[in-house]
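Pasting upload.txt here (compact mmCIF, C-alpha atoms and all ligand atoms):
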# COMPACT_ATOMS: atom_id res chain seq x y z
CA MET A 794 48.45 10.32 -31.58
CA ARG A 795 47.59 6.81 -30.57
CA ALA A 796 49.82 5.03 -33.02
CA TYR A 797 53.40 4.06 -32.34
CA ALA A 798 56.14 2.88 -34.64
CA ASP A 799 56.61 -0.78 -35.58
CA GLY A 800 52.98 -1.74 -35.94
CA ARG A 801 52.12 -0.91 -32.35
CA ALA A 802 48.78 0.57 -31.37
CA SER A 803 47.47 1.59 -28.00
CA MET A 804 44.34 0.30 -26.30
CA SER A 805 41.31 2.21 -27.36
CA LYS A 806 38.11 3.38 -25.75
CA HIS A 807 36.10 2.53 -28.86
CA GLN A 808 34.75 -0.81 -29.90
CA PHE A 809 36.15 -3.03 -32.61
CA THR A 810 34.64 -1.73 -35.84
CA THR A 811 34.67 1.96 -34.84
CA GLU A 812 38.35 1.72 -33.98
CA SER A 813 39.23 -0.09 -37.17
CA LEU A 814 37.36 2.40 -39.36
CA HIS A 815 39.14 5.37 -37.84
CA ALA A 816 42.57 3.78 -37.44
CA ASP A 817 44.10 5.32 -40.58
CA ARG A 818 42.92 8.82 -39.70
CA ARG A 819 44.39 8.68 -36.17
CA GLU A 820 47.84 8.58 -37.71
CA LYS A 821 47.29 11.99 -39.28
CA PRO A 822 47.98 10.72 -42.79
CA GLU A 823 49.27 12.86 -45.64
CA HIS A 824 46.81 15.53 -46.94
CA GLY A 825 44.13 14.42 -44.47
CA VAL A 826 43.22 11.44 -46.62
CA LEU A 827 40.66 9.09 -45.03
CA HIS A 828 42.32 5.98 -46.39
CA LYS A 829 46.06 5.44 -46.22
CA PRO A 830 47.40 5.79 -49.80
CA ILE A 831 49.23 3.05 -51.69
CA HIS A 832 52.88 3.99 -51.41
CA THR A 833 54.76 2.16 -54.12
CA SER A 834 58.24 3.58 -53.49
CA VAL A 835 60.78 0.85 -52.75
CA ALA A 836 63.29 3.25 -51.22
CA PHE A 837 63.17 6.37 -49.05
CA GLY A 838 65.42 9.42 -49.42
CA TYR A 839 67.03 11.38 -46.59
CA GLU A 840 68.25 14.97 -46.70
CA ASP A 841 70.59 14.39 -43.78
CA ALA A 842 72.96 11.45 -44.16
CA ARG A 843 73.21 11.22 -40.36
CA GLU A 844 69.50 10.49 -40.24
CA ILE A 845 69.68 7.44 -42.52
CA ALA A 846 72.47 6.13 -40.29
CA ALA A 847 70.24 6.61 -37.23
CA VAL A 848 67.40 4.75 -38.96
CA PHE A 849 69.67 1.85 -39.93
CA GLN A 850 71.03 1.66 -36.38
CA GLY A 851 67.53 1.64 -34.92
CA ARG A 852 68.03 4.91 -33.02
CA LYS A 853 65.31 6.63 -35.02
CA SER A 854 62.17 5.23 -36.57
CA GLY A 855 61.91 5.54 -40.34
CA TYR A 856 61.83 3.63 -43.58
CA SER A 857 64.88 2.20 -45.25
CA TYR A 858 63.91 -0.33 -47.90
CA GLY A 859 60.57 -1.74 -49.03
CA ARG A 860 61.34 -5.35 -48.20
CA GLN A 861 61.38 -4.52 -44.47
CA SER A 862 58.63 -1.95 -44.26
CA ASN A 863 56.46 0.42 -46.21
CA PRO A 864 54.06 3.14 -44.99
CA THR A 865 50.93 1.45 -46.42
CA VAL A 866 51.91 -1.92 -44.98
CA GLU A 867 52.79 -0.43 -41.57
CA THR A 868 49.37 1.20 -41.36
CA LEU A 869 47.76 -2.19 -41.97
CA ALA A 870 50.05 -3.76 -39.35
CA ARG A 871 48.87 -1.20 -36.79
CA LYS A 872 45.26 -1.95 -37.69
CA VAL A 873 45.86 -5.67 -37.10
CA THR A 874 47.61 -4.88 -33.80
CA GLY A 875 44.58 -2.86 -32.74
CA MET A 876 42.19 -5.68 -33.65
CA GLU A 877 44.23 -8.20 -31.62
CA GLN A 878 44.99 -5.60 -28.92
CA GLY A 879 48.63 -6.56 -29.12
CA VAL A 880 51.88 -4.62 -28.83
CA GLY A 881 52.95 -4.91 -32.47
CA SER A 882 52.49 -6.76 -35.75
CA ILE A 883 54.44 -7.59 -38.89
CA CYS A 884 52.71 -8.20 -42.21
CA PHE A 885 53.79 -10.71 -44.85
CA ALA A 886 52.91 -11.59 -48.44
CA THR A 887 50.75 -14.55 -47.36
CA GLY A 888 49.61 -16.33 -44.23
CA MET A 889 52.14 -19.08 -44.94
CA ALA A 890 54.92 -16.47 -45.20
CA ALA A 891 53.94 -15.23 -41.72
CA ILE A 892 54.03 -18.77 -40.30
CA THR A 893 57.27 -19.85 -41.98
CA ALA A 894 59.10 -16.60 -41.18
CA THR A 895 58.01 -16.73 -37.54
CA MET A 896 59.15 -20.33 -37.06
CA LEU A 897 62.37 -20.03 -39.03
CA SER A 898 63.46 -16.93 -37.17
CA LEU A 899 62.68 -18.28 -33.69
CA LEU A 900 63.75 -21.94 -33.95
CA ARG A 901 67.13 -23.57 -34.23
CA SER A 902 68.32 -27.04 -35.07
CA GLY A 903 67.86 -29.31 -32.02
CA ASP A 904 64.69 -27.54 -30.85
CA HIS A 905 61.35 -29.26 -30.33
CA VAL A 906 57.87 -28.03 -31.26
CA VAL A 907 54.54 -29.39 -30.05
CA ALA A 908 51.80 -28.85 -32.62
CA SER A 909 48.12 -29.70 -32.80
CA SER A 910 47.48 -32.59 -35.17
CA PHE A 911 44.50 -30.69 -36.59
CA LEU A 912 46.27 -28.09 -38.68
CA PHE A 913 45.86 -26.27 -41.97
CA GLY A 914 47.39 -28.63 -44.56
CA ASN A 915 50.23 -26.36 -45.66
CA THR A 916 51.25 -25.60 -42.07
CA ASN A 917 51.32 -29.34 -41.45
CA SER A 918 53.46 -29.80 -44.56
CA PHE A 919 55.86 -27.02 -43.49
CA LEU A 920 56.31 -28.56 -40.03
CA GLY A 921 57.32 -31.73 -41.90
CA THR A 922 59.94 -29.71 -43.76
CA LEU A 923 61.26 -28.32 -40.46
CA GLN A 924 61.86 -31.90 -39.31
CA ASN A 925 64.30 -32.28 -42.22
CA PHE A 926 66.28 -29.34 -40.83
CA GLY A 927 66.84 -30.90 -37.42
CA ILE A 928 63.80 -29.51 -35.61
CA GLU A 929 61.68 -32.14 -33.85
CA VAL A 930 57.91 -31.81 -34.11
CA SER A 931 55.34 -33.76 -32.06
CA PHE A 932 51.79 -33.70 -33.42
CA VAL A 933 49.25 -34.29 -30.67
CA ASP A 934 45.47 -34.34 -30.27
CA ALA A 935 45.37 -30.97 -28.54
CA THR A 936 41.63 -31.01 -27.83
CA GLY A 937 42.82 -31.97 -24.32
CA VAL A 938 45.82 -30.29 -22.67
CA ALA A 939 47.10 -33.60 -21.23
CA ALA A 940 48.42 -34.74 -24.63
CA VAL A 941 50.27 -31.46 -25.03
CA GLU A 942 51.78 -31.71 -21.56
CA ALA A 943 52.85 -35.32 -22.15
CA ALA A 944 54.69 -34.29 -25.33
CA LEU A 945 56.76 -31.52 -23.72
CA LYS A 946 60.53 -32.04 -23.54
CA ALA A 947 63.47 -30.09 -22.17
CA ASN A 948 64.11 -28.69 -25.67
CA THR A 949 60.50 -27.69 -26.40
CA ARG A 950 60.56 -24.07 -27.57
CA LEU A 951 56.97 -23.47 -28.59
CA VAL A 952 53.46 -24.87 -28.84
CA PHE A 953 51.46 -24.21 -32.00
CA ALA A 954 47.69 -24.52 -32.40
CA GLU A 955 44.77 -23.21 -34.43
CA THR A 956 41.39 -22.06 -33.14
CA ILE A 957 38.84 -23.99 -35.25
CA ALA A 958 40.35 -26.84 -37.27
CA ASN A 959 39.65 -27.25 -40.93
CA PRO A 960 37.70 -29.25 -42.17
CA ALA A 961 36.32 -31.20 -39.15
CA THR A 962 36.07 -28.12 -36.87
CA GLN A 963 37.81 -29.56 -33.78
CA ILE A 964 38.58 -26.91 -31.17
CA VAL A 965 41.75 -27.47 -29.20
CA ASP A 966 41.99 -26.78 -25.47
CA LEU A 967 42.98 -23.17 -26.07
CA GLU A 968 42.69 -22.16 -22.39
CA GLY A 969 44.38 -25.26 -20.95
CA ILE A 970 47.34 -24.97 -23.31
CA GLY A 971 47.63 -21.29 -22.44
CA GLU A 972 47.85 -22.09 -18.73
CA LEU A 973 50.37 -24.87 -19.36
CA CYS A 974 52.59 -22.62 -21.48
CA GLN A 975 52.37 -19.90 -18.85
CA GLN A 976 53.47 -22.33 -16.10
CA ARG A 977 56.37 -23.67 -18.17
CA GLY A 978 57.43 -20.32 -19.64
CA LEU A 979 56.78 -21.60 -23.16
CA LEU A 980 55.93 -19.57 -26.23
CA TYR A 981 52.34 -20.25 -27.31
CA ILE A 982 51.48 -19.44 -30.93
CA VAL A 983 47.86 -19.47 -32.06
CA ASP A 984 46.75 -19.26 -35.68
CA ASN A 985 43.56 -17.19 -35.36
CA THR A 986 42.64 -17.27 -39.06
CA MET A 987 39.46 -19.32 -38.70
CA THR A 988 37.99 -17.16 -35.97
CA SER A 989 39.60 -13.79 -36.74
CA PRO A 990 39.97 -11.22 -33.94
CA TRP A 991 36.25 -10.43 -34.29
CA LEU A 992 35.24 -13.83 -32.88
CA PHE A 993 38.20 -14.45 -30.59
CA ARG A 994 41.43 -12.86 -29.36
CA PRO A 995 44.08 -15.50 -28.51
CA ALA A 996 45.66 -13.01 -26.07
CA THR A 997 42.75 -13.80 -23.72
CA VAL A 998 44.01 -17.38 -23.33
CA GLY A 999 47.64 -16.36 -22.97
CA ALA A 1000 48.97 -16.73 -26.52
CA GLY A 1001 52.25 -14.86 -26.99
CA LEU A 1002 52.09 -14.66 -30.78
CA VAL A 1003 49.02 -14.67 -33.00
CA ILE A 1004 49.04 -15.55 -36.69
CA ASN A 1005 46.33 -14.28 -39.03
CA ALA A 1006 46.09 -15.23 -42.69
CA LEU A 1007 44.72 -11.82 -43.72
CA THR A 1008 43.82 -13.43 -47.05
CA LYS A 1009 40.80 -14.97 -45.37
CA TYR A 1010 38.28 -13.16 -43.14
CA ILE A 1011 40.23 -9.97 -42.37
CA GLY A 1012 40.73 -9.09 -46.05
CA GLY A 1013 37.47 -10.85 -46.69
CA HIS A 1014 36.94 -10.39 -50.42
CA GLY A 1015 39.16 -13.02 -52.00
CA ASN A 1016 41.10 -10.30 -53.82
CA ALA A 1017 44.48 -10.19 -52.05
CA LEU A 1018 46.88 -12.52 -50.23
CA ALA A 1019 48.50 -11.43 -46.96
CA GLY A 1020 49.45 -12.64 -43.49
CA ALA A 1021 50.46 -11.17 -40.16
CA VAL A 1022 52.06 -12.09 -36.86
CA THR A 1023 51.05 -10.09 -33.80
CA ASP A 1024 52.82 -10.04 -30.45
CA THR A 1025 50.23 -9.89 -27.66
CA GLY A 1026 52.76 -8.74 -25.05
CA LYS A 1027 51.95 -11.84 -22.95
CA PHE A 1028 55.23 -13.69 -23.48
CA ASP A 1029 58.37 -12.84 -21.51
CA TRP A 1030 61.05 -12.75 -24.22
CA THR A 1031 63.83 -12.48 -21.64
CA ARG A 1032 63.19 -16.22 -21.05
CA PHE A 1033 63.50 -17.20 -24.72
CA PRO A 1034 66.93 -18.74 -25.42
CA ASN A 1035 67.06 -18.26 -29.20
CA LEU A 1036 67.26 -14.47 -29.46
CA TYR A 1037 70.38 -12.87 -30.91
CA PRO A 1038 71.93 -10.16 -28.69
CA THR A 1039 71.54 -7.48 -31.42
CA TYR A 1040 67.73 -7.78 -31.19
CA LYS A 1041 67.60 -7.60 -27.40
CA VAL A 1042 67.39 -3.83 -27.28
CA ALA A 1043 64.83 -1.42 -25.83
CA ASP A 1044 61.34 -2.68 -24.85
CA THR A 1045 61.64 -6.39 -23.98
CA ARG A 1046 58.11 -6.98 -25.29
CA LEU A 1047 59.32 -6.19 -28.83
CA TRP A 1048 62.41 -8.43 -28.85
CA GLY A 1049 60.64 -11.30 -30.55
CA LEU A 1050 59.12 -9.14 -33.29
CA GLN A 1051 62.46 -7.49 -33.86
CA GLN A 1052 64.08 -10.84 -34.60
CA ILE A 1053 61.10 -11.94 -36.76
CA ARG A 1054 61.33 -8.70 -38.76
CA LYS A 1055 65.07 -9.03 -39.36
CA LYS A 1056 65.54 -12.78 -39.71
CA GLY A 1057 62.07 -13.64 -40.94
CA LEU A 1058 60.95 -10.73 -43.12
CA ARG A 1059 64.19 -9.06 -44.21
CA ASP A 1060 66.24 -12.21 -44.82
CA LEU A 1061 63.52 -14.48 -46.19
CA GLY A 1062 61.81 -11.69 -48.14
CA GLY A 1063 58.13 -12.68 -48.02
CA SER A 1064 57.14 -9.01 -47.93
CA LEU A 1065 53.62 -7.74 -48.44
CA GLY A 1066 53.15 -5.38 -51.38
CA PRO A 1067 51.42 -2.03 -50.81
CA GLU A 1068 48.53 -2.68 -53.26
CA ALA A 1069 47.57 -5.90 -51.49
CA ALA A 1070 47.94 -4.15 -48.12
CA HIS A 1071 45.46 -1.51 -49.27
CA HIS A 1072 42.91 -4.13 -50.41
CA ILE A 1073 43.21 -5.94 -47.08
CA SER A 1074 42.93 -2.71 -45.12
CA VAL A 1075 39.70 -1.68 -46.85
CA GLY A 1076 38.31 -5.19 -46.38
CA ALA A 1077 39.23 -5.19 -42.69
CA ASP A 1078 36.90 -2.23 -42.06
CA THR A 1079 33.85 -4.50 -42.44
CA LEU A 1080 35.23 -7.63 -40.72
CA GLY A 1081 32.69 -7.58 -37.90
CA LEU A 1082 29.68 -7.03 -40.20
CA ARG A 1083 30.73 -9.70 -42.70
CA MET A 1084 31.73 -12.23 -40.11
CA ASP A 1085 28.44 -11.92 -38.20
CA LYS A 1086 26.45 -12.50 -41.38
CA ALA A 1087 28.64 -15.41 -42.55
CA CYS A 1088 28.46 -17.08 -39.12
CA ASP A 1089 24.66 -16.72 -39.02
CA ASN A 1090 24.43 -18.23 -42.52
CA ALA A 1091 26.70 -21.13 -41.49
CA MET A 1092 24.56 -21.80 -38.43
CA ALA A 1093 21.35 -21.82 -40.51
CA LEU A 1094 22.85 -24.18 -43.12
CA ALA A 1095 24.40 -26.50 -40.51
CA GLU A 1096 21.05 -26.79 -38.73
CA TYR A 1097 19.29 -27.44 -42.03
CA CYS A 1098 21.78 -30.16 -43.02
CA GLN A 1099 21.63 -31.77 -39.58
CA GLN A 1100 17.96 -32.75 -40.00
CA HIS A 1101 18.31 -33.77 -43.68
CA PRO A 1102 18.20 -37.53 -44.40
CA LYS A 1103 20.78 -37.24 -47.19
CA VAL A 1104 23.38 -35.88 -44.76
CA ARG A 1105 25.08 -38.41 -42.45
CA LYS A 1106 27.04 -36.04 -40.28
CA VAL A 1107 27.52 -32.30 -39.76
CA PHE A 1108 30.68 -30.76 -38.34
CA TYR A 1109 29.95 -27.33 -36.87
CA PRO A 1110 30.92 -26.04 -33.41
CA GLY A 1111 27.59 -24.23 -33.11
CA LEU A 1112 25.63 -27.49 -32.92
CA ALA A 1113 25.02 -28.75 -29.39
CA GLN A 1114 26.25 -32.26 -30.22
CA HIS A 1115 29.69 -30.99 -31.33
CA ALA A 1116 32.32 -32.39 -28.95
CA GLN A 1117 33.63 -28.92 -28.11
CA TYR A 1118 30.37 -26.97 -28.29
CA ALA A 1119 30.68 -25.67 -24.72
CA ARG A 1120 34.26 -24.54 -25.30
CA ALA A 1121 33.29 -22.71 -28.48
CA ALA A 1122 30.29 -21.08 -26.78
CA ARG A 1123 32.52 -19.90 -23.92
CA LEU A 1124 35.40 -18.57 -26.00
CA PHE A 1125 34.03 -17.32 -29.32
CA ARG A 1126 31.57 -14.53 -30.10
CA LYS A 1127 29.98 -16.77 -32.78
CA PHE A 1128 30.77 -20.24 -34.08
CA GLY A 1129 32.59 -19.47 -37.30
CA ALA A 1130 31.65 -19.47 -40.96
CA LEU A 1131 33.01 -22.88 -41.91
CA PHE A 1132 31.21 -26.19 -41.63
CA SER A 1133 31.53 -29.61 -43.22
CA ILE A 1134 29.15 -32.44 -43.93
CA GLU A 1135 29.41 -36.12 -44.72
CA LEU A 1136 26.83 -37.18 -47.26
CA ALA A 1137 24.67 -40.26 -46.77
CA ASP A 1138 25.55 -43.42 -48.70
CA GLY A 1139 24.55 -43.19 -52.33
CA VAL A 1140 24.77 -39.37 -52.51
CA ASP A 1141 27.67 -38.42 -54.77
CA CYS A 1142 29.63 -35.43 -53.47
CA PHE A 1143 30.58 -34.28 -56.99
CA ASP A 1144 26.97 -34.39 -58.23
CA PHE A 1145 25.84 -32.57 -55.10
CA LEU A 1146 28.38 -29.77 -55.57
CA ASN A 1147 27.56 -29.53 -59.28
CA THR A 1148 23.87 -29.09 -58.46
CA LEU A 1149 24.47 -26.22 -56.03
CA ASP A 1150 24.15 -22.92 -57.84
CA LEU A 1151 25.17 -20.24 -55.33
CA VAL A 1152 27.96 -22.25 -53.71
CA VAL A 1153 31.02 -22.01 -55.94
CA THR A 1154 33.30 -25.06 -56.03
CA SER A 1155 36.55 -23.49 -54.85
CA SER A 1156 39.27 -24.02 -52.26
CA ASN A 1157 39.39 -20.64 -50.56
CA LEU A 1158 37.61 -19.50 -47.41
CA GLY A 1159 36.76 -16.08 -46.03
CA ASP A 1160 35.40 -14.71 -49.31
CA THR A 1161 32.08 -12.85 -49.44
CA ARG A 1162 30.78 -15.69 -51.68
CA SER A 1163 29.96 -19.15 -50.38
CA LEU A 1164 32.45 -21.79 -51.47
CA GLY A 1165 32.38 -25.58 -51.26
CA ILE A 1166 34.98 -28.28 -51.88
CA PRO A 1167 35.22 -32.09 -51.71
CA VAL A 1168 38.16 -32.10 -49.30
CA ALA A 1169 39.32 -35.74 -49.48
CA HIS A 1170 39.76 -35.46 -53.25
CA THR A 1171 41.50 -32.09 -53.25
CA ILE A 1172 43.15 -30.31 -50.29
CA PHE A 1173 43.83 -33.51 -48.31
CA TRP A 1174 44.50 -35.84 -51.29
CA GLU A 1175 48.31 -35.64 -50.93
CA MET A 1176 48.13 -37.00 -47.35
CA GLY A 1177 46.82 -40.40 -48.40
CA PRO A 1178 43.89 -42.42 -47.03
CA GLU A 1179 45.41 -43.38 -43.64
CA ARG A 1180 46.27 -39.84 -42.54
CA ARG A 1181 42.87 -38.69 -43.80
CA ALA A 1182 41.12 -41.35 -41.75
CA SER A 1183 43.11 -40.30 -38.66
CA MET A 1184 41.93 -36.72 -39.19
CA GLY A 1185 38.30 -37.85 -39.59
CA ILE A 1186 38.08 -36.94 -43.28
CA ALA A 1187 35.67 -39.24 -45.14
CA ASP A 1188 35.57 -39.51 -48.94
CA SER A 1189 32.09 -37.97 -48.99
CA MET A 1190 33.06 -34.95 -46.90
CA VAL A 1191 32.25 -31.56 -48.34
CA ARG A 1192 33.53 -28.39 -46.69
CA PHE A 1193 31.65 -25.12 -46.94
CA ALA A 1194 33.19 -21.71 -46.42
CA VAL A 1195 30.02 -19.72 -46.07
CA GLY A 1196 29.69 -16.22 -47.46
CA ILE A 1197 27.35 -13.30 -46.86
CA GLU A 1198 24.55 -14.10 -49.33
CA ASP A 1199 20.96 -13.71 -48.11
CA THR A 1200 20.22 -16.66 -45.84
CA ALA A 1201 16.97 -17.72 -47.55
CA ASP A 1202 18.71 -18.01 -50.91
CA LEU A 1203 21.42 -20.28 -49.50
CA LEU A 1204 18.85 -22.46 -47.73
CA ALA A 1205 16.85 -22.79 -50.96
CA ASP A 1206 20.00 -23.71 -52.88
CA PHE A 1207 20.85 -26.49 -50.37
CA ALA A 1208 17.25 -27.76 -50.40
CA HIS A 1209 17.33 -27.99 -54.19
CA ALA A 1210 20.72 -29.74 -54.35
CA LEU A 1211 19.82 -32.25 -51.64
CA GLY A 1212 16.32 -32.74 -53.05
C1 LIG B 1301 44.72 -20.09 -45.44
C2 LIG B 1301 45.31 -20.35 -44.13
C3 LIG B 1301 46.67 -20.10 -43.90
C4 LIG B 1301 47.60 -19.62 -44.98
O1 LIG B 1301 47.24 -18.39 -45.53
P1 LIG B 1301 47.70 -17.99 -47.02
O2 LIG B 1301 47.48 -16.53 -47.08
O3 LIG B 1301 46.84 -18.77 -47.96
O4 LIG B 1301 49.14 -18.37 -47.14
C5 LIG B 1301 47.17 -20.36 -42.64
N1 LIG B 1301 46.40 -20.84 -41.65
C6 LIG B 1301 45.09 -21.09 -41.84
C7 LIG B 1301 44.28 -21.60 -40.69
C8 LIG B 1301 44.49 -20.87 -43.08
O5 LIG B 1301 43.20 -21.12 -43.26

Target encoding structure tokens, full file:
Amino acid sequence: MRAYADGRASMSKHQFTTESLHADRREKPEHGVLHKPIHTSVAFGYEDAREIAAVFQGRKSGYSYGRQSNPTVETLARKVTGMEQGVGSICFATGMAAITATMLSLLRSGDHVVASSFLFGNTNSFLGTLQNFGIEVSFVDATGVAAVEAALKANTRLVFAETIANPATQIVDLEGIGELCQQRGLLYIVDNTMTSPWLFRPATVGAGLVINALTKYIGGHGNALAGAVTDTGKFDWTRFPNLYPTYKVADTRLWGLQQIRKKGLRDLGGSLGPEAAHHISVGADTLGLRMDKACDNAMALAEYCQQHPKVRKVFYPGLAQHAQYARAARLFRKFGALFSIELADGVDCFDFLNTLDLVVTSSNLGDTRSLGIPVAHTIFWEMGPERRASMGIADSMVRFAVGIEDTADLLADFAHALG
């Protein structure tokens, strides 16, 4: 057996996709099934009343109630742990549920957070909400570690960053921030959604916790919402001041997850359902194959757009003129499946999107289909023109979340729409 309780998984001798494909089977699932079944039972019965007491008291591993854990969901959590090569994971109903539960269970009033200013819009909005509950947040241009260091205070509890920012694809100083957090004993949380563990593992730059919106590339088919937090084992929880004594039991590496599971998942209740967990788990099997194809398509389209006179600017980390090209090339297996363009003057972004046939106008990313959206008029509308300008979001910007269509077809579709 290579699997442990609580979403843990051991290091493996196999490579990424092989390990993921065989992860369910390693747990010796019921009846020898090759895919973990969808267990819909909310509760779990015990023949020995002493045993349920032991489970509740944490002396024995087992299931108590579906809001805290479920066999189908735990199998997915172990798969995610394996992909990130962490020590454990907890799954949630959405990526936002993973982020909010993690922050709300680890932070207290009076604490300070340093966050990248290039964040997923809803994460940015949530950090604003935290400020109304007495938690200070400093947003900094984290493409250089100096700004992060300058923002640190005595009450800083964690630093939060993403890998590739959406929609302008900035890449923060992932390594520098990791070293800084290591020196200062600070918790470093990286949202790995845009890269997924196939392109990058935040553990390699010292992140203590990794967030994945499983809704996106890991699930990969736009058919289920889910999120996860993974502990990489890199953070020394004995140095974290906000843990309750009841959760400081057994393996110190699991203290943080214990508190997130109890305070974040159990109390807040953003639990992942077993049907969605099954969809995500099946999707995760092909993460590496899909992601490679989507990244190659994005590269081909970004290069095509770059030389097109009707495109003013292309934002893609795989292009040599991108400000963080060298960083992306050093850290990531490929350059991601998301790119944005600014159209030349006189080209209407709505007409352009309406002329594209294969690219569906939609706000998601990480689907098998290619999606495009006029970001200033939709996702970033609520922020207002000043904040948009500060984030480098022009009115003519169109963001593409590239899918796995055949490359030639996508290129022809772009040529037609820009023609
Ligand atoms: C989509 C996304 C999330 C949130 O995931 P949901 O499952 O939609 O809640 C968080 N972070 C990033 C970077 C995302 O792209």

Within 10 Å of ligand LIG 1301 (chain B), counting all atoms listed in the file, residues as an NGL selection string: :A and (885-893 or 911-917 or 954-960 or 983-989 or 1004-1010 or 1017-1021 or 1156-1159)

With distances taken over all atoms listed in the file, which of A:Arg1054, A:Lys1127, A:His832, A:Arg1105 is nearest to Met1190 (chain A)?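 Ranking A:Arg1054, A:Lys1127, A:His832, A:Arg1105 by distance to Met1190 (chain A), first place goes to A:Arg1105.
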
Counting only C-alpha atoms, closest pick from A:Leu1124, A:Cys974, A:Met1092, A:Leu1065 relative to Tyr1109 (chain A) is A:Met1092

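Distances from A:Gln1051, A:Ser1133, A:Ser1163, A:Asn1016 to Ala1087 (chain A) were compared using all atoms listed in the file, and the smallest one belongs to A:Ser1163.
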
- Excluding Ala1210 (chain A) and any residue of its chain fewer than 4 positions from it, enumerate the residues within 8 Å of it, using all atoms listed in the file, and give them as a list of chain:residue names.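 Counting only the stated atoms, we get A:Phe1145, A:Leu1146, A:Thr1148, A:Leu1149, A:Asp1206.
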
Nearest to Leu1112 (chain A), restricted to all atoms listed in the file and choosing among A:Glu1096, A:Asp1078, A:Asp934, A:Asp1138, comes out as A:Glu1096

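Distance annotation: of A:Asp1202, A:Asp817, A:Asp1144, A:Glu929, the residue with the minimal separation from Leu1094 (chain A) is A:Asp1202; atom set is all atoms listed in the file.
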
Residue neighbourhood Phe1108 (chain A), 10 Å, only C-alpha atoms, exclusion window fewer than 5 positions, as a PyMOL selection string | chain A and resi 959-963+1095+1099+1114-1116+1131-1135+1190+1192

Using only C-alpha atoms, the residue out of A:Gly1212, A:Cys1088, A:Gly879, A:Ala1121 with shortest distance to Ala1194 (chain A) is A:Cys1088

Correct to one decimal, the distance CA of Ala870 (chain A)-CA of Met1084 (chain A) is 20.2 Å

Extract, using only C-alpha atoms, all DNA, RNA and protein residues at most 9 Å from Gly1076 (chain A), discarding same-chain residues fewer than 3 positions from it, and format them as an mmCIF file with C-alpha atoms, in the coordinates of the input.
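Final output, saved to result14.cif:
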data_model
loop_
_atom_site.group_PDB
_atom_site.id
_atom_site.type_symbol
_atom_site.label_atom_id
_atom_site.label_comp_id
_atom_site.auth_asym_id
_atom_site.auth_seq_id
_atom_site.Cartn_x
_atom_site.Cartn_y
_atom_site.Cartn_z
ATOM 1 C CA TYR A 1010 38.280 -13.160 -43.140
ATOM 2 C CA ILE A 1011 40.230 -9.970 -42.370
ATOM 3 C CA GLY A 1012 40.730 -9.090 -46.050
ATOM 4 C CA GLY A 1013 37.470 -10.850 -46.690
ATOM 5 C CA HIS A 1014 36.940 -10.390 -50.420
ATOM 6 C CA HIS A 1071 45.460 -1.510 -49.270
ATOM 7 C CA HIS A 1072 42.910 -4.130 -50.410
ATOM 8 C CA ILE A 1073 43.210 -5.940 -47.080
ATOM 9 C CA THR A 1079 33.850 -4.500 -42.440
ATOM 10 C CA LEU A 1080 35.230 -7.630 -40.720
#

Please provide the set of residues having any atom within 9 Å of Pro830 (chain A), restricted to all atoms listed in the file, with same-chain residues fewer than 3 positions apart removed, written as a PyMOL selection string. chain A and resi 822-823+826-827+864-865+1067+1071

Self-check item: Separation of CA of Met876 (chain A) from CA of Glu812 (chain A) in Å
Solution: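 The value is 8.3 Å.
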
task: Up to 7 Å from (63.2, -13.1, -37.5) in the file's coordinates: name the residues, counting only C-alpha atoms, as a PyMOL selection string.
output: chain A and resi 894-895+898-899+1051-1058

Problem set entry | Å distance separating CA of Gly881 (chain A) from CA of Ala1000 (chain A), one decimal place |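 Separation between CA of Gly881 (chain A) and CA of Ala1000 (chain A): 13.8 Å.
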
Show me, as a PyMOL selection string, the residues that have an atom within 8 Å of Leu992 (chain A) when counting all atoms listed in the file, minus same-chain residues fewer than 6 positions from it. chain A and resi 1125-1129

For region 1172-1176 of chain A, write N, CA, C and O atoms out as a PDB file, in the first residue's frame.
ATOM      1  N   ILE A1172     -15.110  40.131 -16.844  1.00  0.00           N
ATOM      2  CA  ILE A1172     -14.513  39.696 -15.579  1.00  0.00           C
ATOM      3  C   ILE A1172     -13.979  40.872 -14.755  1.00  0.00           C
ATOM      4  O   ILE A1172     -14.095  40.879 -13.529  1.00  0.00           O
ATOM      5  N   PHE A1173     -13.361  41.868 -15.421  1.00  0.00           N
ATOM      6  CA  PHE A1173     -12.714  42.956 -14.683  1.00  0.00           C
ATOM      7  C   PHE A1173     -13.522  44.247 -14.717  1.00  0.00           C
ATOM      8  O   PHE A1173     -13.025  45.305 -14.348  1.00  0.00           O
ATOM      9  N   TRP A1174     -14.791  44.165 -15.155  1.00  0.00           N
ATOM     10  CA  TRP A1174     -15.659  45.346 -15.259  1.00  0.00           C
ATOM     11  C   TRP A1174     -15.883  45.994 -13.897  1.00  0.00           C
ATOM     12  O   TRP A1174     -15.791  47.207 -13.734  1.00  0.00           O
ATOM     13  N   GLU A1175     -16.179  45.141 -12.882  1.00  0.00           N
ATOM     14  CA  GLU A1175     -16.521  45.613 -11.535  1.00  0.00           C
ATOM     15  C   GLU A1175     -15.410  46.457 -10.906  1.00  0.00           C
ATOM     16  O   GLU A1175     -15.675  47.303 -10.055  1.00  0.00           O
ATOM     17  N   MET A1176     -14.152  46.227 -11.323  1.00  0.00           N
ATOM     18  CA  MET A1176     -13.011  46.941 -10.729  1.00  0.00           C
ATOM     19  C   MET A1176     -12.947  48.417 -11.097  1.00  0.00           C
ATOM     20  O   MET A1176     -12.310  49.194 -10.396  1.00  0.00           O
TER      21      MET A1176
END
